[in-house]
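Below is one structure, written out as structure tokens, with a few remarks after it.
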Amino acid sequence: MKRSSSSQRRALGLAALTIACACAAAPAVASEAASATFSSTQLSSTSWQYSLSLNDTGTTDLGTFWFAWVPGKDFMSTAPSGIADPAGWGAITTNDGPADGFAIQWKAGSGALLAPGQTLSGFMFDSSMSPAQMMGDSTFFPGTPVTTTFVYQGAPFSDAGVELTVQAAAVPEPSSLALMGLGALLVGAGVARRRRARIA
């Protein structure tokens with residue numbers, strides 16, 4: 001009985017070692033993933049400039065950033081203008097007729113793919129859509145956020161792609177040092193007013 005138990009333990013140990021070696025030898029599966037943010041600057045009472053940053057959070061390169069789009073649907077209610085591209089990337093506006101919205105397809109040129117772990121800024125455009133509208137649902141496809149977006153490893157449709165929602169960038173809170181400086185400035189202004197009042 002002891003010999004049999006010992007043999008079983010040795011067999012189980014060898015099986016576990018074989019499985020561990022097989023797992024170590026298996027190639028890691030590439031994972032495509034991304035996140036993105038946007039910020040806005042008001043240009044006039046009816047116009048805003050949007051700046052986007054794309055972050056490759058996966059283990060593959062990214063070569064297409066198709067903003068406000070999923071296959072067959074474009075989400076912005078008005079056509080963008082003043083589109084700017086990061087170095088090595090080019091953009092086109094997409095639209096599929098009056099029942100569809102608008103989107104921007106940015107595509108990397110040769111040697112300009114976004115590498116895993118890297119962030120790329122410089123995606124920009126102007127729009128008559130306000131930030132509140134940009135963060136809301138599409139008027140063409142209710143229930144879908146305007147900033148729903150697709151990325152591909154290479155050219156559009158070169159793989160299954162990944163869907164993401166571009167988020168508004170967090171506005172940094174004023175630092176305590178800045179608040180102290182503002183307080184000192186207000187106190188100084190109050191002292192100056194009192195001095196002028198005494199002189200008068």
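Letters A, B, ... mark the chains of the structure tokens in the order given; residue numbers begin at 1 per chain; ligand numbers begin at 1, in order shown.
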
Kindly provide the residues of segment 103-146 of chain A that approach segment 46-59 of chain A to within 8 Å, each paired with its closest atom pair and their distance in Å to one decimal, based on only C-alpha atoms, listed by chain and increasing number, as JSON lines.
{"residue": "A:Leu114", "atom": "CA", "partner": "A:Asp56", "partner_atom": "CA", "distance": 6.8}
{"residue": "A:Ala115", "atom": "CA", "partner": "A:Asp56", "partner_atom": "CA", "distance": 6.7}
{"residue": "A:Pro116", "atom": "CA", "partner": "A:Asp56", "partner_atom": "CA", "distance": 5.1}
{"residue": "A:Gly117", "atom": "CA", "partner": "A:Asp56", "partner_atom": "CA", "distance": 5.3}
{"residue": "A:Gln118", "atom": "CA", "partner": "A:Asp56", "partner_atom": "CA", "distance": 5.6}
{"residue": "A:Thr119", "atom": "CA", "partner": "A:Asn55", "partner_atom": "CA", "distance": 4.2}
{"residue": "A:Leu120", "atom": "CA", "partner": "A:Leu54", "partner_atom": "CA", "distance": 5.2}
{"residue": "A:Ser121", "atom": "CA", "partner": "A:Ser53", "partner_atom": "CA", "distance": 4.3}
{"residue": "A:Gly122", "atom": "CA", "partner": "A:Leu52", "partner_atom": "CA", "distance": 6.7}
{"residue": "A:Phe123", "atom": "CA", "partner": "A:Leu52", "partner_atom": "CA", "distance": 5.1}
{"residue": "A:Met124", "atom": "CA", "partner": "A:Ser51", "partner_atom": "CA", "distance": 4.5}
{"residue": "A:Phe125", "atom": "CA", "partner": "A:Tyr50", "partner_atom": "CA", "distance": 5.4}
{"residue": "A:Asp126", "atom": "CA", "partner": "A:Gln49", "partner_atom": "CA", "distance": 4.3}
{"residue": "A:Ser127", "atom": "CA", "partner": "A:Trp48", "partner_atom": "CA", "distance": 5.5}
{"residue": "A:Ser128", "atom": "CA", "partner": "A:Ser47", "partner_atom": "CA", "distance": 4.6}
{"residue": "A:Met129", "atom": "CA", "partner": "A:Ser47", "partner_atom": "CA", "distance": 7.1}
{"residue": "A:Ser130", "atom": "CA", "partner": "A:Trp48", "partner_atom": "CA", "distance": 6.7}
{"residue": "A:Pro131", "atom": "CA", "partner": "A:Trp48", "partner_atom": "CA", "distance": 7.9}

N, CA, C and O atoms of the current selection, written as a PDB file, in the first residue's frame:
ATOM      1  N   LEU A 114       0.441  53.272 -32.641  1.00  0.00           N
ATOM      2  CA  LEU A 114       0.552  53.538 -31.207  1.00  0.00           C
ATOM      3  C   LEU A 114       0.912  52.244 -30.498  1.00  0.00           C
ATOM      4  O   LEU A 114       0.183  51.249 -30.591  1.00  0.00           O
ATOM      5  N   ALA A 115       2.025  52.252 -29.783  1.00  0.00           N
ATOM      6  CA  ALA A 115       2.527  51.037 -29.141  1.00  0.00           C
ATOM      7  C   ALA A 115       1.845  50.802 -27.799  1.00  0.00           C
ATOM      8  O   ALA A 115       1.351  51.734 -27.162  1.00  0.00           O
ATOM      9  N   PRO A 116       1.808  49.548 -27.349  1.00  0.00           N
ATOM     10  CA  PRO A 116       1.209  49.237 -26.048  1.00  0.00           C
ATOM     11  C   PRO A 116       1.827  50.073 -24.924  1.00  0.00           C
ATOM     12  O   PRO A 116       3.037  50.291 -24.889  1.00  0.00           O
ATOM     13  N   GLY A 117       0.962  50.562 -24.040  1.00  0.00           N
ATOM     14  CA  GLY A 117       1.433  51.343 -22.905  1.00  0.00           C
ATOM     15  C   GLY A 117       1.675  52.811 -23.209  1.00  0.00           C
ATOM     16  O   GLY A 117       1.977  53.585 -22.304  1.00  0.00           O
ATOM     17  N   GLN A 118       1.518  53.207 -24.474  1.00  0.00           N
ATOM     18  CA  GLN A 118       1.776  54.592 -24.855  1.00  0.00           C
ATOM     19  C   GLN A 118       0.481  55.387 -24.999  1.00  0.00           C
ATOM     20  O   GLN A 118      -0.586  54.830 -25.250  1.00  0.00           O
ATOM     21  N   THR A 119       0.585  56.706 -24.854  1.00  0.00           N
ATOM     22  CA  THR A 119      -0.542  57.617 -25.033  1.00  0.00           C
ATOM     23  C   THR A 119      -0.218  58.590 -26.149  1.00  0.00           C
ATOM     24  O   THR A 119       0.909  59.084 -26.242  1.00  0.00           O
ATOM     25  N   LEU A 120      -1.195  58.854 -27.005  1.00  0.00           N
ATOM     26  CA  LEU A 120      -1.000  59.760 -28.133  1.00  0.00           C
ATOM     27  C   LEU A 120      -2.032  60.876 -28.075  1.00  0.00           C
ATOM     28  O   LEU A 120      -3.232  60.624 -28.033  1.00  0.00           O
ATOM     29  N   SER A 121      -1.550  62.120 -28.081  1.00  0.00           N
ATOM     30  CA  SER A 121      -2.423  63.290 -28.116  1.00  0.00           C
ATOM     31  C   SER A 121      -2.328  63.933 -29.496  1.00  0.00           C
ATOM     32  O   SER A 121      -1.573  63.495 -30.341  1.00  0.00           O
ATOM     33  N   GLY A 122      -3.090  64.987 -29.707  1.00  0.00           N
ATOM     34  CA  GLY A 122      -3.034  65.690 -30.991  1.00  0.00           C
ATOM     35  C   GLY A 122      -4.206  65.421 -31.901  1.00  0.00           C
ATOM     36  O   GLY A 122      -4.266  65.945 -33.008  1.00  0.00           O
ATOM     37  N   PHE A 123      -5.164  64.595 -31.458  1.00  0.00           N
ATOM     38  CA  PHE A 123      -6.412  64.400 -32.206  1.00  0.00           C
ATOM     39  C   PHE A 123      -7.314  65.590 -31.860  1.00  0.00           C
ATOM     40  O   PHE A 123      -7.722  65.742 -30.707  1.00  0.00           O
ATOM     41  N   MET A 124      -7.625  66.434 -32.839  1.00  0.00           N
ATOM     42  CA  MET A 124      -8.385  67.651 -32.544  1.00  0.00           C
ATOM     43  C   MET A 124      -9.423  67.926 -33.627  1.00  0.00           C
ATOM     44  O   MET A 124      -9.240  67.545 -34.784  1.00  0.00           O
ATOM     45  N   PHE A 125     -10.508  68.607 -33.223  1.00  0.00           N
ATOM     46  CA  PHE A 125     -11.500  69.058 -34.188  1.00  0.00           C
ATOM     47  C   PHE A 125     -12.364  70.136 -33.554  1.00  0.00           C
ATOM     48  O   PHE A 125     -12.410  70.292 -32.325  1.00  0.00           O
ATOM     49  N   ASP A 126     -13.030  70.914 -34.398  1.00  0.00           N
ATOM     50  CA  ASP A 126     -13.982  71.927 -33.946  1.00  0.00           C
ATOM     51  C   ASP A 126     -15.394  71.414 -34.204  1.00  0.00           C
ATOM     52  O   ASP A 126     -15.634  70.660 -35.154  1.00  0.00           O
ATOM     53  N   SER A 127     -16.342  71.855 -33.365  1.00  0.00           N
ATOM     54  CA  SER A 127     -17.717  71.402 -33.521  1.00  0.00           C
ATOM     55  C   SER A 127     -18.680  72.428 -32.933  1.00  0.00           C
ATOM     56  O   SER A 127     -18.340  73.147 -31.988  1.00  0.00           O
ATOM     57  N   SER A 128     -19.882  72.460 -33.491  1.00  0.00           N
ATOM     58  CA  SER A 128     -20.950  73.283 -32.910  1.00  0.00           C
ATOM     59  C   SER A 128     -21.668  72.538 -31.794  1.00  0.00           C
ATOM     60  O   SER A 128     -22.544  73.097 -31.141  1.00  0.00           O
ATOM     61  N   MET A 129     -21.306  71.281 -31.554  1.00  0.00           N
ATOM     62  CA  MET A 129     -21.867  70.517 -30.436  1.00  0.00           C
ATOM     63  C   MET A 129     -21.202  70.975 -29.137  1.00  0.00           C
ATOM     64  O   MET A 129     -19.976  71.034 -29.046  1.00  0.00           O
ATOM     65  N   SER A 130     -22.007  71.286 -28.139  1.00  0.00           N
ATOM     66  CA  SER A 130     -21.475  71.702 -26.839  1.00  0.00           C
ATOM     67  C   SER A 130     -20.916  70.479 -26.107  1.00  0.00           C
ATOM     68  O   SER A 130     -21.251  69.338 -26.436  1.00  0.00           O
ATOM     69  N   PRO A 131     -20.080  70.701 -25.087  1.00  0.00           N
ATOM     70  CA  PRO A 131     -19.589  69.561 -24.299  1.00  0.00           C
ATOM     71  C   PRO A 131     -20.719  68.727 -23.700  1.00  0.00           C
ATOM     72  O   PRO A 131     -20.621  67.502 -23.645  1.00  0.00           O
TER      73      PRO A 131
END

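Excluding Ala112 of chain A itself and any same-chain residue fewer than 5 positions from it, the protein and nucleic acid residues within 9 Å of it, counting only C-alpha atoms, are Gly63, Ala87, Gly88 and Trp89 of chain A.
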
Go ahead and save the residues from that selection, with C-alpha atoms, as a PDB file, in the first residue's frame.
ATOM      1  CA  GLY A  63      -3.540  51.898 -35.970  1.00  0.00           C
ATOM      2  CA  ALA A  87       2.217  63.278 -36.536  1.00  0.00           C
ATOM      3  CA  GLY A  88       1.973  60.338 -38.927  1.00  0.00           C
ATOM      4  CA  TRP A  89      -1.819  60.039 -38.712  1.00  0.00           C
TER       5      TRP A  89
END

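Distances to Ser81 of chain A were evaluated for A:Gly136, A:Phe102, A:Phe38, A:Phe150 using only C-alpha atoms, and the minimum falls at A:Phe102.
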
#### Entry: Selected residue of minimal separation from Pro98 of chain A among A:Asp85, A:Leu113, A:Ala79, A:Ser44, counting only C-alpha atoms
A:Ala79

I want to know what sits within 12 Å of Pro142 of chain A, based on only C-alpha atoms, with residues of the same chain fewer than 3 positions away left out; could you give that as a compact mmCIF listing (two decimals) with N, CA, C and O atoms, in the first residue's frame?
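Writing done, so here's part.txt:
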# COMPACT_ATOMS: atom_id res chain seq x y z
N LYS A 73 -22.66 52.98 -37.89
CA LYS A 73 -23.30 54.09 -37.21
C LYS A 73 -22.29 55.20 -36.90
O LYS A 73 -21.22 54.93 -36.36
N ASP A 74 -22.67 56.45 -37.22
CA ASP A 74 -21.89 57.64 -36.89
C ASP A 74 -22.73 58.48 -35.92
O ASP A 74 -23.92 58.68 -36.15
N PHE A 75 -22.11 59.02 -34.85
CA PHE A 75 -22.91 59.53 -33.74
C PHE A 75 -22.99 61.05 -33.56
O PHE A 75 -23.89 61.52 -32.89
N MET A 76 -22.06 61.83 -34.11
CA MET A 76 -22.14 63.27 -33.90
C MET A 76 -23.27 63.87 -34.73
O MET A 76 -23.48 63.47 -35.88
N SER A 77 -23.97 64.84 -34.15
CA SER A 77 -25.15 65.40 -34.84
C SER A 77 -24.78 66.41 -35.91
O SER A 77 -25.58 66.69 -36.80
N ASP A 100 -28.02 59.34 -40.76
CA ASP A 100 -26.83 58.97 -40.01
C ASP A 100 -26.15 60.24 -39.50
O ASP A 100 -26.34 61.33 -40.04
N GLY A 101 -25.34 60.10 -38.45
CA GLY A 101 -24.59 61.23 -37.93
C GLY A 101 -23.23 61.33 -38.59
O GLY A 101 -23.03 60.91 -39.74
N GLY A 136 -23.55 63.50 -24.14
CA GLY A 136 -24.86 62.88 -24.10
C GLY A 136 -25.01 61.76 -25.12
O GLY A 136 -24.05 61.30 -25.72
N ASP A 137 -26.25 61.34 -25.32
CA ASP A 137 -26.55 60.29 -26.29
C ASP A 137 -26.69 60.87 -27.70
O ASP A 137 -27.05 62.04 -27.88
N SER A 138 -26.45 60.04 -28.68
CA SER A 138 -26.58 60.44 -30.08
C SER A 138 -28.05 60.73 -30.40
O SER A 138 -28.94 59.97 -30.01
N THR A 139 -28.30 61.82 -31.12
CA THR A 139 -29.67 62.11 -31.55
C THR A 139 -30.10 61.17 -32.66
O THR A 139 -31.30 60.94 -32.85
N PRO A 145 -24.07 56.64 -26.38
CA PRO A 145 -23.32 57.88 -26.18
C PRO A 145 -22.62 58.33 -27.46
O PRO A 145 -22.12 57.50 -28.23
N VAL A 146 -22.59 59.65 -27.67
CA VAL A 146 -21.93 60.21 -28.87
C VAL A 146 -20.48 59.76 -28.95
O VAL A 146 -19.96 59.47 -30.03

### Pick from A:Met134, A:Ala36, A:Gly109, A:Asn95, whichever lies nearest to Thr165 of chain A using only C-alpha atoms
A:Ala36

#### Entry: Residue among A:Gln153, A:Gln133, A:Thr60, A:Thr148 lying closest to Gln167 of chain A, counting only C-alpha atoms
A:Thr148

### Task
Please identify all polymer residues within 6 Å of Trp66 of chain A, counting only C-alpha atoms, omitting same-chain residues fewer than 6 positions from it, and present them as number ranges by chain.
A: 104-106, 149-150

Please write the residues from the selection above to a file, keeping N, CA, C and O atoms, as a PDB file, in the first residue's frame.
ATOM      1  N   ILE A 104     -15.248  60.759 -37.022  1.00  0.00           N
ATOM      2  CA  ILE A 104     -13.908  61.031 -37.551  1.00  0.00           C
ATOM      3  C   ILE A 104     -13.083  59.756 -37.458  1.00  0.00           C
ATOM      4  O   ILE A 104     -12.945  59.174 -36.371  1.00  0.00           O
ATOM      5  N   GLN A 105     -12.549  59.348 -38.597  1.00  0.00           N
ATOM      6  CA  GLN A 105     -11.668  58.177 -38.629  1.00  0.00           C
ATOM      7  C   GLN A 105     -10.222  58.652 -38.747  1.00  0.00           C
ATOM      8  O   GLN A 105      -9.832  59.238 -39.749  1.00  0.00           O
ATOM      9  N   TRP A 106      -9.446  58.435 -37.682  1.00  0.00           N
ATOM     10  CA  TRP A 106      -8.010  58.711 -37.728  1.00  0.00           C
ATOM     11  C   TRP A 106      -7.278  57.393 -37.972  1.00  0.00           C
ATOM     12  O   TRP A 106      -7.526  56.395 -37.291  1.00  0.00           O
ATOM     13  N   THR A 149     -16.756  54.763 -29.496  1.00  0.00           N
ATOM     14  CA  THR A 149     -15.641  54.802 -30.448  1.00  0.00           C
ATOM     15  C   THR A 149     -15.085  53.403 -30.684  1.00  0.00           C
ATOM     16  O   THR A 149     -15.264  52.514 -29.852  1.00  0.00           O
ATOM     17  N   PHE A 150     -14.408  53.221 -31.801  1.00  0.00           N
ATOM     18  CA  PHE A 150     -13.787  51.933 -32.126  1.00  0.00           C
ATOM     19  C   PHE A 150     -12.301  52.136 -32.397  1.00  0.00           C
ATOM     20  O   PHE A 150     -11.889  53.168 -32.935  1.00  0.00           O
TER      21      PHE A 150
END

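Interatomic distance, atom CA of Ala91 of chain A against atom CA of Ser110 of chain A: 14.3 Å.
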
### Message
Which of segment 133-175 of chain A end up as strand (DSSP E or B) when DSSP is run on this backbone - answer as an MDAnalysis selection string?
### Response
chainID A and resid 137 145 148:152 162:165 167:168

### One-decimal distance in Å that lies between atom CA of Ala34 of chain A and atom CA of Val162 of chain A
7.9 Å

### Task
Using DSSP on the backbone, list every residue of segment 28-184 of chain A that comes out as helix (DSSP H, G or I), and give them as a ChimeraX atom specification.
/A:131-134,176-184
